[in-house]
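Scroll down for the structure; my scribbles are underneath it.
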Amino acid sequence: MSSAAHRDTGHDHAPADFGPDRLWSVQDHLDDILATVRPLEPIELNLLDAQGCVLVDDITVPLSLPPFDNSSMDGYAVRVADVAGASEEFPAALVVVGDVAAGRADPPSVGPGQAARIMTGAPLPPGAETVVPVEWTDGGLGEGPVAQMRARSLAPEGAEGQVHVYRPAEARAHVRAKGSDVRSGDRALEAGTVLGPPQIALLAAIGRGRVRVHPRPRVVVLSTGSELVQPDEELAHGQIYDSNSFALTAAARGAGAIAYRVGAVADDAETLRSTIEDQLVRADLMVTTGGVSVGAYDVVKEALAHVADEDEPGSGVDFRKLAMQPGKPQGFGSIGPDHTPLLALPGNPVSSYVSFELFVRPAIRTLMGLADVHRPTTTASLATEKALTSPKGRRQFLRGSYADGSVTPVGGSGSHLVAALAHADALIVVPEGAESVEPGADVEVVLLG
C-alpha cells in the first residue's frame, strides 16, 4: 500500500511571503497539508476486510431485493376468496397441500379450497394470493386457534390434512413484494460511502463479495522525550507517563485509520531517526509529538533534517510557528522514498490533541478518500461568569462542554491541563482579532463528539 502524498518542494500553494520567522495562520497550515495529501490508491477487498473503508465506485443493484414475493409470517398461503368471511364461529376449512419452506425451489401450487403451510421468507407459491398467520388458524389440529406451528420433525402430518382459518385476509397481506427493498438497476451505495455493518449487509445481500475501496490509512504514532515512561512502570524523579502516544493513536483509530503506537523515543536524534526510518515500511502517515520547539533537547527537527538530507529530492519537513494557542510549533512534510507525509506536533498534551483535531484528522480523512474531512462546527452562546481573554493575533482553542446551543469552558487555557480533555466534547474558537469574549456572546464551536 503506497502513500499518495507528493511534496511540492517549491510550496507553490503556501503564501509567498512566509519566511522562517513568519507566523503561519491555522488555515494556511491546514491548506498546505490538504493540498499535499491525496487519497490512497484504490484496492479491491473482500467485504469484511473493507469495513471502515470508503467506496471508490457507485454500486448498482444487479437483482431486486427481495428477488421474489415471499411471506413475512409463519402461516398459510391461500386464495383471498377462500377465506372471505371466515370467523371463529364459521371458519374456512381448507385442504393443506404441502409445505413451503425458505429455500425450497419447487413449492406446491395452491388451487381453490387449498392452502400451503408457509414459513417466513419462503416464496409465495403459485396460485396463492395472500398469507394468513398461523395464529389465525387451528394449525391443522382442529382444537381452536394456536400460538405457533409444530416443528415438522415432530409433526410431519401438519403439511397435510385440513386447516381451519378464523379470519379473512386481504390480497397480498403479509407478503413482501419482489423489489420492495431495492430494484434491479437502482443505485445501492454511492462512491464515497464509508462501509459499516449495514452497508456490508446490503452488498452481501445483492451478491457483491468484493468491492473497490480506498484502504484505511496506516498511521504510525510516536512520542519523544527522555522523561516519558510507559503506564504501569514506576516513575523516577522528573519523569512523567507517556499519554500523548496513547491519545493520538486512539484518536487516529477514531478517525478511521489503522494506527500503530510506537511509544516514547529518547531525546537522541540518531535513535529517533532510526526509529522513524524503521517505521516507514508500515506507514501511510507518520505523526510525532514533542521535540518541535526551540529547546536544546528538541531533537525532532534535528533528526528529520538528517532524514531529509538522505531522501529523494522533493521530501523534507518544514517547521513552522502558527498563530494559534495552544499548538504554536508545528512541522509538516514528507520523508522516505515514498514521500510519506509526516506531521510533527508539539509535546504538551493539550497542544498535541488540539493539533491532531485541526490537522491530523483531516489528513487521515483525506487519505481515506472522504469528501468531508472536517469536524462539524456550530455557533453557541458562551456560558461563563466572566469574559474569556485571548492573546492578540492568535486563534485560541479552548476546551468546552456543549449542550443545547450553549458551550461552557472546561479547565483553563494551559497546554498541560490534560485532565480537562476527558470532560470536553468541543473546542471553543476565539478568532485572531478578539482579545476577549464576553459571557453570552456567540462563539464558533468545533464539535468533537
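Going by the C-alpha cells order, chains are called A, B, ..., each with residues numbered from 1, while ligands are numbered from 1 in the order shown.
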Find the residues near range 140-148 of chain A: any atom within 12 Å, counting only C-alpha atoms, skip ones fewer than 6 places away on the same chain, and give them as number ranges by chain.
A: 73-76, 87-98, 115-117, 119, 133-134, 155-167
So which bits of range 13-237 of chain A end up alpha helix (DSSP H) when you DSSP the backbone, as a count of residues only?
24
Extract the full set of strand (DSSP E or B) residues from range 180-358 of chain A according to DSSP on the backbone, and format it as a PDB file with C-alpha atoms, in the first residue's frame.
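Result file out04.pdb:
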```
ATOM      1  CA  VAL A 182     -34.382  -2.246  -3.835  1.00  0.00           C
ATOM      2  CA  ARG A 187     -28.008   2.639  -7.032  1.00  0.00           C
ATOM      3  CA  ALA A 188     -27.379   0.751  -3.829  1.00  0.00           C
ATOM      4  CA  LEU A 189     -24.457   2.819  -2.499  1.00  0.00           C
ATOM      5  CA  VAL A 194     -17.932   4.549   4.432  1.00  0.00           C
ATOM      6  CA  ARG A 210     -15.603  -7.828  -3.152  1.00  0.00           C
ATOM      7  CA  VAL A 211     -15.520  -4.060  -3.617  1.00  0.00           C
ATOM      8  CA  ARG A 212     -13.043  -1.391  -4.695  1.00  0.00           C
ATOM      9  CA  VAL A 213     -12.213   0.965  -1.859  1.00  0.00           C
ATOM     10  CA  HIS A 214      -9.681   3.459  -0.643  1.00  0.00           C
ATOM     11  CA  ARG A 218      -1.898   3.172   8.321  1.00  0.00           C
ATOM     12  CA  VAL A 219      -0.810   5.810  10.829  1.00  0.00           C
ATOM     13  CA  VAL A 220       2.305   5.425  12.968  1.00  0.00           C
ATOM     14  CA  VAL A 221       2.359   7.497  16.171  1.00  0.00           C
ATOM     15  CA  LEU A 222       5.469   8.062  18.234  1.00  0.00           C
ATOM     16  CA  SER A 223       6.198  10.415  21.089  1.00  0.00           C
ATOM     17  CA  THR A 224       9.586  11.829  22.001  1.00  0.00           C
ATOM     18  CA  LEU A 228       8.500   9.687  29.304  1.00  0.00           C
ATOM     19  CA  VAL A 229       7.675   6.395  30.991  1.00  0.00           C
ATOM     20  CA  ILE A 240       6.040  11.513  33.608  1.00  0.00           C
ATOM     21  CA  TYR A 241       3.839   8.945  31.939  1.00  0.00           C
ATOM     22  CA  ILE A 258      -5.262   1.643  11.300  1.00  0.00           C
ATOM     23  CA  ALA A 259      -2.961   3.135  13.915  1.00  0.00           C
ATOM     24  CA  TYR A 260       0.251   1.798  15.436  1.00  0.00           C
ATOM     25  CA  ARG A 261       1.679   3.201  18.652  1.00  0.00           C
ATOM     26  CA  VAL A 262       5.452   3.155  18.794  1.00  0.00           C
ATOM     27  CA  GLY A 263       5.666   4.757  22.216  1.00  0.00           C
ATOM     28  CA  ALA A 264       8.300   7.066  23.608  1.00  0.00           C
ATOM     29  CA  VAL A 265      11.670   7.622  21.945  1.00  0.00           C
ATOM     30  CA  LEU A 285       1.174   8.812   7.543  1.00  0.00           C
ATOM     31  CA  MET A 286       3.565   9.431  10.428  1.00  0.00           C
ATOM     32  CA  VAL A 287       2.758  11.527  13.478  1.00  0.00           C
ATOM     33  CA  THR A 288       5.304  12.601  16.058  1.00  0.00           C
ATOM     34  CA  THR A 289       4.620  14.505  19.239  1.00  0.00           C
ATOM     35  CA  GLY A 316      11.653  17.245   3.680  1.00  0.00           C
ATOM     36  CA  VAL A 317       9.889  18.659   6.711  1.00  0.00           C
ATOM     37  CA  ASP A 318       9.134  22.339   7.358  1.00  0.00           C
ATOM     38  CA  PHE A 319       8.978  23.512  10.957  1.00  0.00           C
ATOM     39  CA  ARG A 320       6.688  26.467  11.482  1.00  0.00           C
ATOM     40  CA  LYS A 321       5.228  28.772  14.036  1.00  0.00           C
ATOM     41  CA  LEU A 322       1.463  29.087  13.859  1.00  0.00           C
ATOM     42  CA  MET A 324      -2.631  29.709  17.406  1.00  0.00           C
ATOM     43  CA  GLN A 325      -2.842  28.753  21.053  1.00  0.00           C
ATOM     44  CA  PRO A 329       5.155  24.985  16.945  1.00  0.00           C
ATOM     45  CA  GLN A 330       4.255  22.583  14.114  1.00  0.00           C
ATOM     46  CA  GLY A 331       6.059  20.552  11.493  1.00  0.00           C
ATOM     47  CA  PHE A 332       4.837  19.149   8.213  1.00  0.00           C
ATOM     48  CA  GLY A 333       6.429  17.495   5.229  1.00  0.00           C
ATOM     49  CA  SER A 334       7.259  14.114   3.745  1.00  0.00           C
ATOM     50  CA  ILE A 335      10.060  11.640   4.280  1.00  0.00           C
ATOM     51  CA  THR A 340       5.303   9.527   3.350  1.00  0.00           C
ATOM     52  CA  PRO A 341       3.529  12.528   4.916  1.00  0.00           C
ATOM     53  CA  LEU A 342       4.705  13.418   8.406  1.00  0.00           C
ATOM     54  CA  LEU A 343       3.089  15.781  10.871  1.00  0.00           C
ATOM     55  CA  ALA A 344       5.210  16.819  13.837  1.00  0.00           C
ATOM     56  CA  LEU A 345       3.051  18.019  16.728  1.00  0.00           C
TER      57      LEU A 345
END
```
Close residues, Pro346 in chain A itself excluded, 8 Å, only C-alpha atoms, min 6 positions apart in chain, as a count of residues only:
11
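Neighbours of Asp181 in chain A closer than or equal to 7 Å, with only C-alpha atoms counted and sequence neighbours fewer than 2 positions away skipped, come out as Leu65, Pro66, Gly179 and Arg183 of chain A.
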Selection to disk with N, CA, C and O atoms, as a short mmCIF file (atom, residue, chain, number, x, y, z; two decimals), in the first residue's frame:
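Below is the file selection.cif, written as the result:
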```
data_model
loop_
_atom_site.label_atom_id
_atom_site.label_comp_id
_atom_site.auth_asym_id
_atom_site.auth_seq_id
_atom_site.Cartn_x
_atom_site.Cartn_y
_atom_site.Cartn_z
N LEU A 65 -34.33 -6.85 -4.50
CA LEU A 65 -34.45 -7.40 -3.15
C LEU A 65 -35.82 -7.04 -2.59
O LEU A 65 -36.19 -5.86 -2.62
N PRO A 66 -36.56 -8.00 -2.07
CA PRO A 66 -36.28 -9.43 -2.24
C PRO A 66 -36.42 -9.85 -3.70
O PRO A 66 -37.13 -9.20 -4.46
N GLY A 179 -38.70 -6.75 -5.00
CA GLY A 179 -38.18 -5.41 -5.26
C GLY A 179 -38.66 -4.36 -4.28
O GLY A 179 -38.41 -3.16 -4.50
N ARG A 183 -34.66 -2.29 -6.24
CA ARG A 183 -34.96 -2.90 -7.52
C ARG A 183 -33.69 -3.00 -8.37
O ARG A 183 -32.77 -2.20 -8.22
#
```
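With only C-alpha atoms as the atoms that count, the residue of A:Thr120, A:Thr384, A:Thr389, A:Ser184 with the shortest distance to Ser401 in chain A is A:Thr384.
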Best match for closeness to Leu421 in chain A among A:Leu382, A:Leu40, A:Ile364, A:Val354, counting only C-alpha atoms:
A:Val354
Rank nothing, just name the residue among A:Asp425, A:Glu270, A:Glu190, A:Asp99 nearest to Arg375 in chain A, using only C-alpha atoms.
A:Asp425
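Here CA of Arg79 in chain A and CA of Arg150 in chain A stand 23.1 Å from one another.
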